[in-house]
Structure formats: C-alpha cells, structure tokens
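Structure file model.txt; described as compact mmCIF, C-alpha atoms.
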# COMPACT_ATOMS: atom_id res chain seq x y z
CA MET K 19 -14.47 10.68 7.63
CA ARG K 20 -17.64 8.92 6.52
CA PHE K 21 -20.41 10.50 4.48
CA GLU K 22 -22.68 10.17 7.51
CA ASP K 23 -20.30 12.47 9.40
CA LEU K 24 -20.75 15.33 6.95
CA PRO K 25 -23.71 16.92 8.75
CA ARG K 26 -21.71 16.83 11.99
CA TYR K 27 -18.41 18.22 10.73
CA GLY K 28 -18.89 19.42 7.16
CA ASN K 29 -19.92 23.01 7.88
CA LEU K 30 -17.57 23.64 10.81
CA SER K 31 -14.42 25.72 10.75
CA ASN K 32 -11.17 23.86 11.43
CA LYS K 33 -11.14 25.13 15.01
CA LYS K 34 -14.75 24.13 15.70
CA ALA K 35 -14.23 20.75 14.05
CA VAL K 36 -11.29 20.10 16.39
CA ILE K 37 -13.45 21.03 19.37
CA GLN K 38 -16.09 18.58 18.17
CA LEU K 39 -13.50 15.84 17.69
CA PHE K 40 -12.35 16.16 21.29
CA TYR K 41 -15.91 16.35 22.56
CA ASP K 42 -16.78 13.12 20.77
CA ALA K 43 -13.65 11.52 22.24
CA LEU K 44 -14.61 12.20 25.86
CA ALA K 45 -16.27 8.81 26.24
CA ASN K 46 -13.87 6.05 27.19
CA ASP K 47 -15.30 2.60 27.61
CA PRO K 48 -12.51 0.10 28.36
CA LEU K 49 -12.35 -3.04 26.26
CA ASN K 50 -13.48 -6.10 28.17
CA VAL K 51 -13.28 -9.02 25.77
CA VAL K 52 -10.67 -11.23 27.44
CA ASN K 53 -12.07 -13.71 29.93
CA ASP K 54 -8.92 -14.96 31.61
CA ASN K 55 -9.96 -17.62 34.10
CA THR K 56 -6.91 -19.76 33.47
CA SER K 57 -5.78 -21.92 36.36
CA TYR K 58 -2.03 -21.80 36.84
CA ASP K 59 -1.82 -24.66 39.35
CA MET K 60 -0.97 -27.28 36.74
CA LEU K 61 1.58 -24.99 35.12
CA THR K 62 3.54 -24.71 38.34
CA MET K 63 3.60 -28.49 38.54
CA GLY K 64 5.24 -28.76 35.12
CA ASP K 65 2.37 -30.60 33.42
CA ILE K 66 3.14 -30.61 29.65
CA SER K 67 -0.48 -30.96 28.51
CA ALA K 68 -1.49 -28.11 30.82
CA LYS K 69 1.20 -25.89 29.29
CA LYS K 70 -0.07 -26.67 25.78
CA MET K 71 -3.62 -25.91 26.84
CA PHE K 72 -2.44 -22.65 28.44
CA VAL K 73 -0.70 -21.51 25.25
CA LYS K 74 -3.77 -22.40 23.17
CA GLU K 75 -6.13 -20.53 25.48
CA GLN K 76 -3.92 -17.45 25.56
CA LYS K 77 -3.69 -17.40 21.76
CA GLU K 78 -7.47 -17.49 21.53
CA MET K 79 -7.68 -14.63 24.00
CA GLY K 80 -5.19 -12.69 21.89
CA LYS K 81 -7.34 -13.20 18.81
CA ALA K 82 -10.44 -12.10 20.69
CA LEU K 83 -8.67 -8.93 21.86
CA ASN K 84 -7.45 -8.18 18.35
CA LEU K 85 -10.91 -8.52 16.87
CA GLY K 86 -12.50 -6.66 19.77
CA TRP K 87 -10.28 -3.65 19.18
CA MET K 88 -10.78 -3.85 15.41
CA ASP K 89 -14.53 -3.74 16.00
CA LYS K 90 -14.16 -0.82 18.41
CA MET K 91 -12.05 1.17 15.93
CA SER K 92 -14.44 0.33 13.09
CA THR K 93 -17.63 1.37 14.85
CA THR K 94 -16.65 4.02 17.39
CA ASN K 95 -18.06 7.53 17.49
CA ALA K 96 -14.76 8.62 19.05
CA PRO K 97 -12.27 8.04 16.19
CA LEU K 98 -9.67 10.43 17.59
CA ARG K 99 -9.31 8.40 20.79
CA GLU K 100 -8.84 5.18 18.84
CA LYS K 101 -6.39 6.72 16.36
CA MET K 102 -4.26 8.05 19.19
CA SER K 103 -4.55 4.72 21.00
CA LEU K 104 -3.09 3.10 17.89
CA PHE K 105 -0.20 5.56 18.03
CA TRP K 106 0.51 4.94 21.71
CA ASN K 107 0.14 1.19 21.27
CA ASN K 108 3.04 1.33 18.81
CA HIS K 109 5.02 3.87 20.83
CA PHE K 110 4.88 1.50 23.80
CA ALA K 111 5.32 -1.60 21.63
CA CYS K 112 4.86 -4.79 23.60
CA ARG K 113 4.32 -8.49 22.99
CA THR K 114 2.89 -10.73 25.65
CA LEU K 115 1.50 -14.24 25.54
CA LYS K 116 -1.16 -13.42 28.13
CA GLY K 117 -4.29 -11.91 26.64
CA GLY K 118 -5.34 -10.40 29.95
CA HIS K 119 -2.06 -8.49 30.26
CA ALA K 120 -2.35 -7.22 26.68
CA GLU K 121 -5.89 -5.99 27.29
CA GLN K 122 -4.84 -4.31 30.53
CA LEU K 123 -2.03 -2.46 28.74
CA LEU K 124 -4.28 -1.46 25.85
CA ASN K 125 -6.83 0.00 28.24
CA ILE K 126 -4.07 2.05 29.87
CA GLN K 127 -3.17 3.42 26.45
CA ARG K 128 -6.78 4.04 25.43
CA GLY K 129 -7.67 5.63 28.77
CA ASN K 130 -4.74 8.04 28.60
CA ALA K 131 -4.66 8.50 24.82
CA LEU K 132 -5.78 12.13 25.09
CA GLY K 133 -4.80 12.64 28.73
CA ASN K 134 -1.38 13.06 30.29
CA PHE K 135 1.77 11.42 28.96
CA ARG K 136 3.35 11.41 32.43
CA THR K 137 0.45 9.40 33.81
CA MET K 138 0.43 7.01 30.87
CA LEU K 139 4.21 6.48 30.99
CA THR K 140 4.05 5.62 34.68
CA GLU K 141 1.09 3.26 34.30
CA VAL K 142 2.63 1.55 31.25
CA SER K 143 5.92 1.13 33.12
CA LYS K 144 4.10 -0.61 35.96
CA SER K 145 1.93 -2.83 33.76
CA PRO K 146 2.57 -6.59 33.94
CA ALA K 147 2.75 -6.79 30.14
CA MET K 148 5.62 -4.29 29.89
CA LEU K 149 7.41 -5.46 33.03
CA GLN K 150 7.44 -8.99 31.68
CA PHE K 151 8.20 -8.06 28.06
CA LEU K 152 11.26 -6.03 29.06
CA ASN K 153 12.34 -8.46 31.80
CA ASN K 154 11.98 -6.15 34.77
CA GLN K 155 10.28 -8.94 36.68
CA GLN K 156 13.81 -10.41 36.88
CA ASN K 157 15.48 -7.10 37.83
CA ARG K 158 16.93 -7.58 41.33
CA LYS K 159 19.50 -6.09 43.63
CA GLY K 160 22.94 -7.43 42.83
CA HIS K 161 21.71 -8.81 39.49
CA PRO K 162 20.15 -5.85 37.66
CA ASN K 163 18.46 -6.43 34.32
CA GLU K 164 18.96 -3.40 32.10
CA ASN K 165 16.40 -4.11 29.36
CA PHE K 166 13.56 -2.01 30.74
CA ALA K 167 15.80 0.90 31.74
CA ARG K 168 17.38 1.01 28.27
CA GLU K 169 14.11 0.93 26.33
CA LEU K 170 12.50 3.43 28.69
CA MET K 171 15.05 5.99 27.53
CA GLU K 172 15.68 4.92 23.94
CA LEU K 173 12.09 4.25 22.84
CA PHE K 174 9.73 5.91 25.32
CA THR K 175 11.31 9.19 26.43
CA VAL K 176 14.56 11.02 25.54
CA GLY K 177 15.61 8.92 22.55
CA ARG K 178 18.95 7.52 21.46
CA GLY K 179 21.96 9.75 22.00
CA ASN K 180 20.55 11.53 25.04
CA TYR K 181 21.74 9.13 27.74
CA THR K 182 24.86 7.16 28.61
CA GLU K 183 25.55 3.53 29.37
CA GLN K 184 26.11 4.56 32.98
CA ASP K 185 22.64 6.13 33.03
CA ILE K 186 21.26 2.75 31.96
CA LYS K 187 23.11 0.91 34.70
CA GLU K 188 22.12 3.37 37.43
CA SER K 189 18.46 3.58 36.39
CA ALA K 190 18.23 -0.20 36.18
CA ARG K 191 19.20 -0.30 39.85
CA ALA K 192 16.39 2.15 40.61
CA PHE K 193 13.85 -0.18 38.99
CA THR K 194 14.95 -3.27 40.92
CA GLY K 195 12.01 -4.80 42.74
CA TRP K 196 9.35 -3.58 40.28
CA GLY K 197 7.12 -6.51 39.39
CA PHE K 198 3.57 -7.83 39.62
CA ASP K 199 1.66 -10.35 41.67
CA LYS K 200 -0.49 -13.36 40.78
CA ASP K 201 -3.48 -11.06 40.33
CA SER K 202 -1.62 -9.09 37.65
CA GLN K 203 -1.27 -6.02 39.82
CA PHE K 204 1.90 -3.95 40.13
CA LYS K 205 3.92 -4.81 43.20
CA MET K 206 7.04 -3.21 44.62
CA ARG K 207 9.10 -6.03 46.16
CA PRO K 208 11.34 -4.35 48.79
CA PHE K 209 13.50 -7.42 49.30
CA PHE K 210 14.69 -7.19 45.66
CA HIS K 211 15.20 -3.40 45.58
CA ASP K 212 18.62 -1.73 45.57
CA TYR K 213 18.40 1.05 48.17
CA GLY K 214 21.92 2.31 47.48
CA GLU K 215 22.77 5.78 46.20
CA LYS K 216 22.57 6.24 42.43
CA THR K 217 23.79 8.94 40.03
CA PHE K 218 21.51 9.43 37.04
CA MET K 219 21.79 12.18 34.43
CA GLY K 220 23.87 14.36 36.72
CA LYS K 221 21.67 13.91 39.79
CA THR K 222 22.50 11.80 42.81
CA GLY K 223 20.14 10.27 45.34
CA ASN K 224 18.53 7.13 46.65
CA PHE K 225 16.38 6.93 43.52
CA GLU K 226 13.50 4.58 42.87
CA GLY K 227 11.73 3.97 39.57
CA ASP K 228 9.30 6.88 39.90
CA ASP K 229 12.25 9.22 40.47
CA ILE K 230 13.87 8.11 37.21
CA ILE K 231 10.66 8.76 35.28
CA LYS K 232 10.39 12.20 36.87
CA ILE K 233 13.97 13.09 35.87
CA LEU K 234 13.40 11.89 32.30
CA LEU K 235 10.29 14.04 31.97
CA GLU K 236 12.23 17.06 33.25
CA ARG K 237 14.41 16.70 30.16
CA LYS K 238 12.96 18.57 27.20
CA GLU K 239 14.44 15.92 24.93
CA THR K 240 11.49 13.76 25.96
CA ALA K 241 8.95 16.31 24.70
CA HIS K 242 10.91 16.66 21.47
CA PHE K 243 11.28 12.90 20.93
CA VAL K 244 7.55 12.23 21.38
CA SER K 245 6.58 15.27 19.29
CA ASN K 246 8.83 14.12 16.46
CA LYS K 247 7.18 10.69 16.39
CA LEU K 248 3.73 12.24 16.54
CA TYR K 249 4.58 14.61 13.67
CA LYS K 250 5.56 11.63 11.50
CA PHE K 251 2.32 9.87 12.47
CA LEU K 252 -0.06 12.79 11.87
CA VAL K 253 1.63 15.27 9.56
CA ASN K 254 4.52 14.14 7.38
CA GLU K 255 7.05 11.33 7.41
CA THR K 256 9.76 13.96 6.90
CA PRO K 257 9.72 16.12 10.06
CA ASP K 258 10.00 19.91 9.88
CA GLU K 259 12.35 20.78 12.75
CA ALA K 260 10.77 24.19 13.36
CA HIS K 261 7.30 22.66 13.64
CA VAL K 262 8.51 19.79 15.83
CA SER K 263 10.31 22.19 18.16
CA ALA K 264 7.17 24.30 18.46
CA MET K 265 5.19 21.16 19.28
CA ALA K 266 7.76 20.18 21.91
CA ASP K 267 7.43 23.61 23.53
CA VAL K 268 3.65 23.23 23.76
CA PHE K 269 3.93 19.69 25.10
CA TYR K 270 6.60 20.50 27.69
CA ASN K 271 4.94 23.70 28.91
CA ALA K 272 1.61 21.87 29.26
CA ASP K 273 3.29 19.38 31.62
CA TYR K 274 2.87 16.66 29.01
CA GLU K 275 -0.87 17.07 28.56
CA ILE K 276 -1.65 15.50 25.19
CA LYS K 277 -4.80 17.45 24.30
CA PRO K 278 -3.10 20.89 24.06
CA LEU K 279 -0.42 19.37 21.84
CA LEU K 280 -2.98 17.89 19.45
CA GLU K 281 -5.04 21.08 19.46
CA TYR K 282 -1.92 23.01 18.47
CA VAL K 283 -1.19 20.60 15.61
CA PHE K 284 -4.74 20.42 14.27
CA THR K 285 -5.21 24.20 14.25
CA ALA K 286 -1.77 25.06 12.82
CA ASP K 287 -1.80 26.46 9.28
CA TRP K 288 1.06 24.17 8.28
CA PHE K 289 -1.01 21.09 9.15
CA TYR K 290 -3.16 21.86 6.09
CA ASP K 291 -0.31 22.68 3.69
CA GLU K 292 -0.48 20.76 0.44
CA LYS K 293 2.80 18.98 1.21
CA ASN K 294 1.27 17.68 4.45
CA THR K 295 -2.00 16.49 2.90
CA GLY K 296 -2.42 12.97 1.60
CA ASN K 297 1.24 12.10 2.00
CA ILE K 298 1.31 9.50 4.81
CA ILE K 299 0.95 5.83 3.90
CA LYS K 300 -1.83 4.20 5.92
CA SER K 301 -0.83 1.35 8.16
CA PRO K 302 -2.54 -1.96 7.31
CA VAL K 303 -4.80 -1.61 10.35
CA GLU K 304 -5.75 1.94 9.35
CA LEU K 305 -6.52 0.71 5.83
CA LEU K 306 -8.77 -2.12 7.06
CA VAL K 307 -10.48 -0.03 9.73
CA GLY K 308 -11.07 2.77 7.23
CA LEU K 309 -12.82 0.37 4.87
CA ASN K 310 -14.85 -1.14 7.70
CA ARG K 311 -15.99 2.30 8.84
CA GLN K 312 -16.70 3.82 5.44
CA PHE K 313 -18.68 0.84 4.13
CA TYR K 314 -20.07 -0.59 7.41
CA ILE K 315 -18.50 -3.97 6.68
CA THR K 316 -19.51 -6.95 8.78
CA TYR K 317 -17.87 -10.38 8.65
CA GLU K 318 -19.52 -13.77 8.87
CA ASN K 319 -16.17 -14.96 10.16
CA PRO K 320 -14.43 -11.95 11.77
CA GLN K 321 -11.15 -13.89 12.06
CA VAL K 322 -10.57 -13.31 8.35
CA GLN K 323 -9.39 -9.85 9.45
CA LEU K 324 -6.44 -11.54 11.15
CA LEU K 325 -5.45 -13.06 7.82
CA PHE K 326 -5.57 -9.66 6.15
CA GLN K 327 -3.45 -8.18 8.94
CA LYS K 328 -0.88 -10.91 8.55
CA ALA K 329 -0.77 -10.63 4.77
CA LEU K 330 -0.43 -6.84 4.91
CA GLY K 331 2.26 -6.92 7.61
CA GLN K 332 0.67 -5.65 10.82
CA VAL K 333 -0.95 -8.02 13.31
CA LEU K 334 -2.17 -6.07 16.33
CA PHE K 335 -0.28 -6.88 19.55
CA TYR K 336 2.52 -8.60 17.61
CA PRO K 337 5.01 -5.82 16.78
CA PRO K 338 8.18 -6.97 14.99
CA ASN K 339 10.45 -5.86 17.84
CA VAL K 340 10.67 -3.55 20.87
CA ALA K 341 10.74 -0.49 18.59
CA GLY K 342 7.37 -1.33 17.06
CA TRP K 343 6.45 -0.93 13.39
CA PRO K 344 8.62 1.71 11.66
CA GLY K 345 5.69 2.79 9.50
CA GLY K 346 5.79 5.17 6.56
CA ARG K 347 7.33 3.80 3.37
CA ASN K 348 8.24 0.63 5.22
CA TRP K 349 4.64 -0.50 4.75
CA ILE K 350 5.15 -0.73 1.01
CA ASP K 351 7.19 -3.04 -1.18
CA THR K 352 6.62 -4.46 -4.67
CA SER K 353 4.49 -7.35 -3.43
CA SER K 354 2.55 -5.63 -0.66
CA LEU K 355 1.50 -2.66 -2.82
CA MET K 356 -0.50 -4.81 -5.24
CA TYR K 357 -2.02 -6.73 -2.35
CA ARG K 358 -3.00 -3.50 -0.60
CA ILE K 359 -4.61 -2.13 -3.75
CA LYS K 360 -6.52 -5.39 -4.28
CA THR K 361 -7.73 -5.64 -0.67
CA PRO K 362 -10.56 -3.05 -0.91
CA SER K 363 -12.21 -4.66 -3.94
CA THR K 364 -11.78 -8.10 -2.37
CA LEU K 365 -13.66 -6.97 0.72
CA LEU K 366 -16.30 -4.97 -1.12
CA ASN K 367 -16.99 -6.96 -4.27
CA GLY K 368 -15.36 -10.35 -4.15
CA GLY K 369 -12.23 -9.06 -5.83
CA VAL K 370 -14.01 -7.66 -8.89
CA ILE K 371 -13.96 -4.09 -10.20
CA ASP K 372 -16.79 -3.44 -12.65
CA PHE K 373 -16.54 -1.06 -15.61
CA GLU K 374 -19.13 0.13 -18.07
CA GLY K 375 -18.37 -0.18 -21.78
CA LYS K 376 -16.42 -2.61 -23.90
CA ALA K 377 -13.08 -3.80 -22.56
CA ASP K 378 -9.90 -4.03 -24.58
CA PRO K 379 -9.64 -7.49 -26.24
CA GLU K 380 -6.63 -8.45 -24.16
CA ASP K 381 -8.56 -7.64 -20.98
CA GLU K 382 -11.69 -9.65 -21.81
CA ALA K 383 -10.23 -13.02 -20.82
CA TYR K 384 -8.99 -11.61 -17.51
CA ILE K 385 -12.34 -9.99 -16.73
CA ALA K 386 -14.15 -13.26 -17.48
CA THR K 387 -11.77 -15.10 -15.16
CA VAL K 388 -12.14 -12.77 -12.21
CA LYS K 389 -15.92 -12.70 -12.58
CA ASN K 390 -15.91 -16.48 -12.30
CA GLN K 391 -13.76 -16.15 -9.18
CA GLN K 392 -16.03 -13.61 -7.51
CA GLN K 393 -18.26 -16.13 -5.76
CA PHE K 394 -15.24 -18.11 -4.58
CA VAL K 395 -13.54 -15.04 -3.13
CA SER K 396 -16.74 -13.85 -1.46
CA THR K 397 -17.25 -17.24 0.12
CA ARG K 398 -13.76 -17.24 1.61
CA VAL K 399 -13.75 -13.63 2.80
CA GLN K 400 -17.42 -13.51 3.85
CA ALA K 401 -17.39 -9.72 4.10
CA GLN K 402 -20.67 -7.85 3.76
CA PRO K 403 -20.63 -4.08 3.20
CA ASP K 404 -23.86 -2.20 3.86
CA TRP K 405 -24.25 -0.55 0.49
CA ASN K 406 -27.66 0.91 1.30
CA LYS K 407 -26.24 2.70 4.34
CA PHE K 408 -23.21 3.93 2.41
CA LEU K 409 -25.18 5.18 -0.59
CA GLN K 410 -27.98 6.85 1.35
CA ASP K 411 -25.52 9.13 3.16
CA ILE K 412 -23.98 10.53 -0.03
CA PRO K 413 -25.33 14.05 -0.66
CA HIS K 414 -27.83 13.88 -3.55
CA ARG K 415 -26.09 16.53 -5.62
CA ASP K 416 -22.64 14.94 -5.42
CA SER K 417 -21.04 13.84 -8.66
CA LYS K 418 -18.60 10.94 -9.02
CA THR K 419 -15.78 13.45 -8.84
CA ASP K 420 -17.24 14.93 -5.64
CA ILE K 421 -17.32 11.46 -4.09
CA ALA K 422 -13.69 10.86 -5.02
CA GLN K 423 -12.58 14.23 -3.65
CA PHE K 424 -14.27 13.42 -0.36
CA MET K 425 -12.84 9.90 -0.05
CA LEU K 426 -9.28 10.66 -1.15
CA GLU K 427 -6.77 12.94 0.53
CA PRO K 428 -4.48 13.67 -2.45
CA PRO K 429 -5.75 15.90 -5.29
CA LEU K 430 -7.48 13.99 -8.10
CA SER K 431 -5.46 13.30 -11.21
CA ASN K 432 -6.96 13.75 -14.66
CA THR K 433 -6.43 10.05 -15.26
CA LEU K 434 -8.60 9.15 -12.27
CA LYS K 435 -11.27 11.66 -13.28
CA ASN K 436 -11.44 10.07 -16.73
CA THR K 437 -11.58 6.59 -15.22
CA LEU K 438 -14.51 7.54 -13.00
CA THR K 439 -16.57 8.54 -16.04
CA GLN K 440 -16.50 4.87 -17.10
CA THR K 441 -17.94 3.47 -13.87
CA ALA K 442 -21.48 2.17 -14.04
CA ASP K 443 -22.88 3.68 -10.84
CA PHE K 444 -21.93 5.12 -7.44
CA LYS K 445 -21.20 1.65 -6.05
CA ALA K 446 -18.74 0.89 -8.84
CA THR K 447 -17.32 4.39 -8.46
CA ALA K 448 -16.65 3.83 -4.76
CA ILE K 449 -14.93 0.50 -5.41
CA GLU K 450 -12.77 2.09 -8.10
CA ILE K 451 -11.83 4.97 -5.76
CA VAL K 452 -10.69 2.75 -2.90
CA SER K 453 -8.73 0.57 -5.33
CA THR K 454 -6.45 3.44 -6.34
CA PRO K 455 -2.94 4.06 -5.02
CA GLU K 456 -4.21 7.41 -3.71
CA TYR K 457 -6.51 5.63 -1.26
CA GLN K 458 -3.42 4.19 0.43
CA LEU K 459 -2.58 7.70 1.66
CA CYS K 460 -3.97 9.83 4.45
Here is a file; write its structure as structure tokens.
Amino acid sequence: MRFEDLPRYGNLSNKKAVIQLFYDALANDPLNVVNDNTSYDMLTMGDISAKKMFVKEQKEMGKALNLGWMDKMSTTNAPLREKMSLFWNNHFACRTLKGGHAEQLLNIQRGNALGNFRTMLTEVSKSPAMLQFLNNQQNRKGHPNENFARELMELFTVGRGNYTEQDIKESARAFTGWGFDKDSQFKMRPFFHDYGEKTFMGKTGNFEGDDIIKILLERKETAHFVSNKLYKFLVNETPDEAHVSAMADVFYNADYEIKPLLEYVFTADWFYDEKNTGNIIKSPVELLVGLNRQFYITYENPQVQLLFQKALGQVLFYPPNVAGWPGGRNWIDTSSLMYRIKTPSTLLNGGVIDFEGKADPEDEAYIATVKNQQQFVSTRVQAQPDWNKFLQDIPHRDSKTDIAQFMLEPPLSNTLKNTLTQTADFKATAIEIVSTPEYQLC
C-alpha cells in the first residue's frame, strides 16, 4: 500500500477493505502493446535473413510486453487484479517466442484473474501460446503427443500423484486435433482427432479435450492443489493443511469462482496471525513493482528494468521451466540477497544511503567512494523517483518509526528503530527502510 492509499483504505475494517479492493479491481483493460504485423511468407520459403529478422522482431515485442505489464502493475488502481494475474501467469507458466501469443495469454490470465478458474483453464488450454509451448499443435491421431496432457494434470489441476500414466495416454488422445490457425485463433482440426473410445480416471466415453477438463474439475484434488499454491503465494510458504482444506471446500463449492475463495482468505482470522504476516519473500518483480509504486519511479530508459529482472532472477515471460518459478526461499541465495538489498537505494539514490552524524573511521573511505559513484550509477540506471509526491502523502504527524511500520510488514526491531534516529530526514529514512532485509518480505 502507498501513503496515498491511506485515505481510501486506512480507516476501513478488514471486511470493508476487502470489498473496496474487489471494487477497485472491477476494471479490466487488456494490454495492447504488441504490434505484430510480421509477414510469414519469407519464413515459409526458408529465407535465413528473414528468420533472423523474425527472431529479432519477436524479441523486441517480448521486451515491449514485459515493460508494458511492468508499467501497468506499477501504476494501476487495481493492484489486486495485477497481483493475481502474476500468480496465474506463473501457475500457467509458458514461454513463447511470439510476442503476440504471449500478450494474448496474459490477457486471458488478467481477464479471468478474479473470475472463474474453469473458464480460465479452458481458455489457457486453447491459447496458441500454451498449445505451442506444450506441443499440442503436433498432437495427432495415431501419433499422440503427451506433453500437454501431462502438464495439464501435474501443474494446472490435480497435481502429481493423482493420475496414472494411462490417464496421460488416454487424455492425450482426447486432445488430438487441438491447434490454432494462421490468425492465432484456436482451431479444432477434425482430421487429426482420435474419435475412438477412451477411459480416463475411471470414466469411459468418446472424450474430447473439453470433457477431460470437465472431469479434472470434478475432482476435488484440483481445488486442493490450486488452493495450496495460492496459500503459499498469499499466506505462508509452509501450508496449514486445515486452512488449505477449508479453502479447497470454498473453491470447489463455488464452482471454481476465484472471488469467493479470495474473500474467504482475506477475511479469515488466521490470515492476520503474526506467523502469517511479513513472512513471504517478495519475488523480484514484486520488489521492483513495489518500489515503482511507492516512489512513483519513472525511467529515462525503461529497459533498465529488464536488467534488474535478469540480475534478480525473474524475467517476465521467461520462466525457468514448465513448472514456473518455485518462489519462496528459492529467490534468495548469498549473492542475490545483497543485490536485492542494494537495489532499492540504487533506484532511489544512485546507490547511496545517507546518514547523519560522523561515520566510523573504517567506514569513511567507503562512504567517500560510493558518493563519488553516485552520479555514475544514476546515469546508468536513469531512475527518477517523485520525492515530492511521496513525501506529500505522508501524514503530517507521522514519525520515522510510523513510516517504517507502514512500509514494512514484519515488526520493527530495536536495531532498526535506533538506526532510523540517525537518518537526516524523511527521504533518507525511506531509503534506509527499503534497504533493510525486512523490506524483502510481504
């Protein structure tokens, strides 16, 4: 939450604040940043230079989509929709060379982020990006490709251990013929479809792809699998089985409507338990977006955000594998932690943290060095926070400790409280706060 959001949410009860969050998230404006007018005629002729040009153009489209979504997340008045879109984007992890396909898939996820999981699952399964990524475009009668069928169960619905190898084989036959046309629209190709009888999860029939999805959603394991992942994303990396089971009940009984599930989580007493507060490590994208939002950062060269993503280990639309980013403690190692802690001050103050008072002798040389580097770092990063906007929204009576309590999820340590007394002003205080290990948590 930003200081400017305090008048909107600050005096509301938890229940009313949740209602306001969902109200603000009603608006859904699809991203439209990819202009894919690529001609594929030369590609089909095997022209090498045309292929190189195609790859270059698609990479540029991918960068534009990345930065377009970063800007949307950083400036939106519907943060809940974008946060859930980030969750679904990783749940349905996908890599595609074509920027237009990636944007199409993202808009499916954003449009259904607070809607119905059944609808989203079906639309994702029929998207060109996913069909191509998991090789279903090559899934044909007599030569079934099992990739999509396997990941549909293992990663999207019931989870590992709740299906058999025979279920994979039979469901792959049901998805034969699913593909897309030259206009990037889903197309069922009857000539490639296996119309034979199939037995899947104890049921027998002349199943097609939609039938398989329906059967998977009838299994409560799907509600539990998704709820477990959502719990780890929103509540605690260590799931509480009783809470997850209760979430699964809500989700399943609501016919996979996402809003009732989130309302249940956000209004549950256990959501606000101390053990569930300030314990989840922010993903690199959440860290960068949070800084952009809180300090209204603009970039002379927005592509520098791609460098930060790469250095921190999460480049949007380039998950490490079909399972997506594992998240949690996997975001942190000995090298990335120091980089993550340094990132806020680099963006906000050219890599410098100012203190009032005399430094220890052994620190003076270091401080002199980094001050000399400040202009160099600022020139490279070219990030400009709007300090006037940030400072004017802080309530006039707030102390430095009040500011820290608002900006950090974990309780303040005595060490941090003492450190804040040394900061010169509210600007220096804010930079010190976001440079703490505690700021890495949400």
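Nearest to Phe313 of chain K of all the residues K:Lys293, K:Lys200, K:Lys407, K:His161 is K:Lys407, based on all atoms listed in the file.
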Discussion item. Env of segment 185-197 of chain K: 9 Å cut, atoms = only C-alpha atoms, seq-sep filter 6 positions within chain, self excluded. Answer as an MDAnalysis selection string.
Written reply: chainID K and resid 144:146 149:150 154:168 171 203:214 216:219 224:230
Worksheet item: Of the candidates K:Gly129, K:His414, K:Leu366, K:Ile298, which shows the shortest atom-to-atom distance to Tyr457 of chain K, using only C-alpha atoms?
Response: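 Of the candidates, the smallest distance to Tyr457 of chain K is held by K:Ile298.
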Grab all the atoms of segment 115-126 of chain K that the file lists, wrap them in a box along x, y and z, add 4 Å per side, and give me centre plus edge lengths in Å (one decimal) as JSON.
{"center_x": -2.7, "center_y": -6.1, "center_z": 28.0, "size_x": 16.3, "size_y": 24.3, "size_z": 13.0}
Item to complete: Report the distance between atom CA of Asn130 of chain K and atom CA of Val262 of chain K in Å, rounded to one decimal place.
Response: 21.8 Å
Discussion item. So the first atom is atom CA of Leu44 of chain K and the second is atom CA of Leu24 of chain K; what is the distance between them in Å, to one decimal place?
Written reply: 20.1 Å
For segment 332-362 of chain K versus segment 237-257 of chain K, which residues have an atom no more than 10 Å away, and what is each residue's nearest atom pair and distance in Å rounded to one decimal, using only C-alpha atoms, chain-then-number order, as a tab-separated table?
residue	atom	partner	partner_atom	distance
K:Gly345	CA	K:Phe251	CA	8.4
K:Gly346	CA	K:Glu255	CA	6.3
K:Arg347	CA	K:Glu255	CA	8.5
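Compared by their closest atoms to Glu172 of chain K, and using all atoms listed in the file, the residues K:Ala341, K:Ile299, K:Leu98, K:Leu330 rank with K:Ala341 nearest.
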Practice prompt. Identify which of the residues K:Asp351, K:Glu450, K:Glu318, K:Glu275 lies closest to Thr419 of chain K, counting all atoms listed in the file when measuring atom-to-atom distances.
Written response: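 Nearest to Thr419 of chain K: K:Glu450.
With only the atoms specified (all atoms listed in the file) counting, those residues at most 9 Å away from (8.0, 2.8, 26.0) are Trp106, Asn108, His109, Phe110, Ala111, Cys112, Leu139, Val142, Ser143, Met148, Phe166, Glu169, Leu170, Met171, Glu172, Leu173, Phe174, Thr175, Val340 and Ala341 of chain K.
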Store the residues picked out above in a file with C-alpha atoms, as a short mmCIF file (atom, residue, chain, number, x, y, z; two decimals), keeping the file's coordinate frame.
data_model
loop_
_atom_site.label_atom_id
_atom_site.label_comp_id
_atom_site.auth_asym_id
_atom_site.auth_seq_id
_atom_site.Cartn_x
_atom_site.Cartn_y
_atom_site.Cartn_z
CA TRP K 106 0.51 4.94 21.71
CA ASN K 108 3.04 1.33 18.81
CA HIS K 109 5.02 3.87 20.83
CA PHE K 110 4.88 1.50 23.80
CA ALA K 111 5.32 -1.60 21.63
CA CYS K 112 4.86 -4.79 23.60
CA LEU K 139 4.21 6.48 30.99
CA VAL K 142 2.63 1.55 31.25
CA SER K 143 5.92 1.13 33.12
CA MET K 148 5.62 -4.29 29.89
CA PHE K 166 13.56 -2.01 30.74
CA GLU K 169 14.11 0.93 26.33
CA LEU K 170 12.50 3.43 28.69
CA MET K 171 15.05 5.99 27.53
CA GLU K 172 15.68 4.92 23.94
CA LEU K 173 12.09 4.25 22.84
CA PHE K 174 9.73 5.91 25.32
CA THR K 175 11.31 9.19 26.43
CA VAL K 340 10.67 -3.55 20.87
CA ALA K 341 10.74 -0.49 18.59
#
Fill in: Å distance separating atom CA of Phe21 of chain K from atom CA of Ile412 of chain K, one decimal place
5.8 Å
Worksheet entry | From K:Met88, K:Leu280, K:Val399, K:Met356, residue lying nearest Gly368 of chain K [only C-alpha atoms] | K:Val399
Worksheet entry | Spatial neighbours of Leu305 of chain K, 10 Å, all atoms listed in the file, chain gap at least 3 places, as a PyMOL selection string | chain K and resi 299-302+308-310+327+330+358+361-362+452+457-460
Discussion item. Using only C-alpha atoms, which protein or nucleic acid residues come within 8 Å of Leu365 of chain K? Drop anything in the same chain fewer than 5 positions from it, and give the result as a ChimeraX atom specification.
Written reply: /K:396,399,401-403
Worksheet item: Which residue out of K:Trp288, K:Tyr317, K:Tyr282, K:Phe326 has the minimum interatomic distance to Ile37 of chain K when all atoms listed in the file are used?
Response: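 That would be K:Tyr282, the residue with the smallest distance to Ile37 of chain K.
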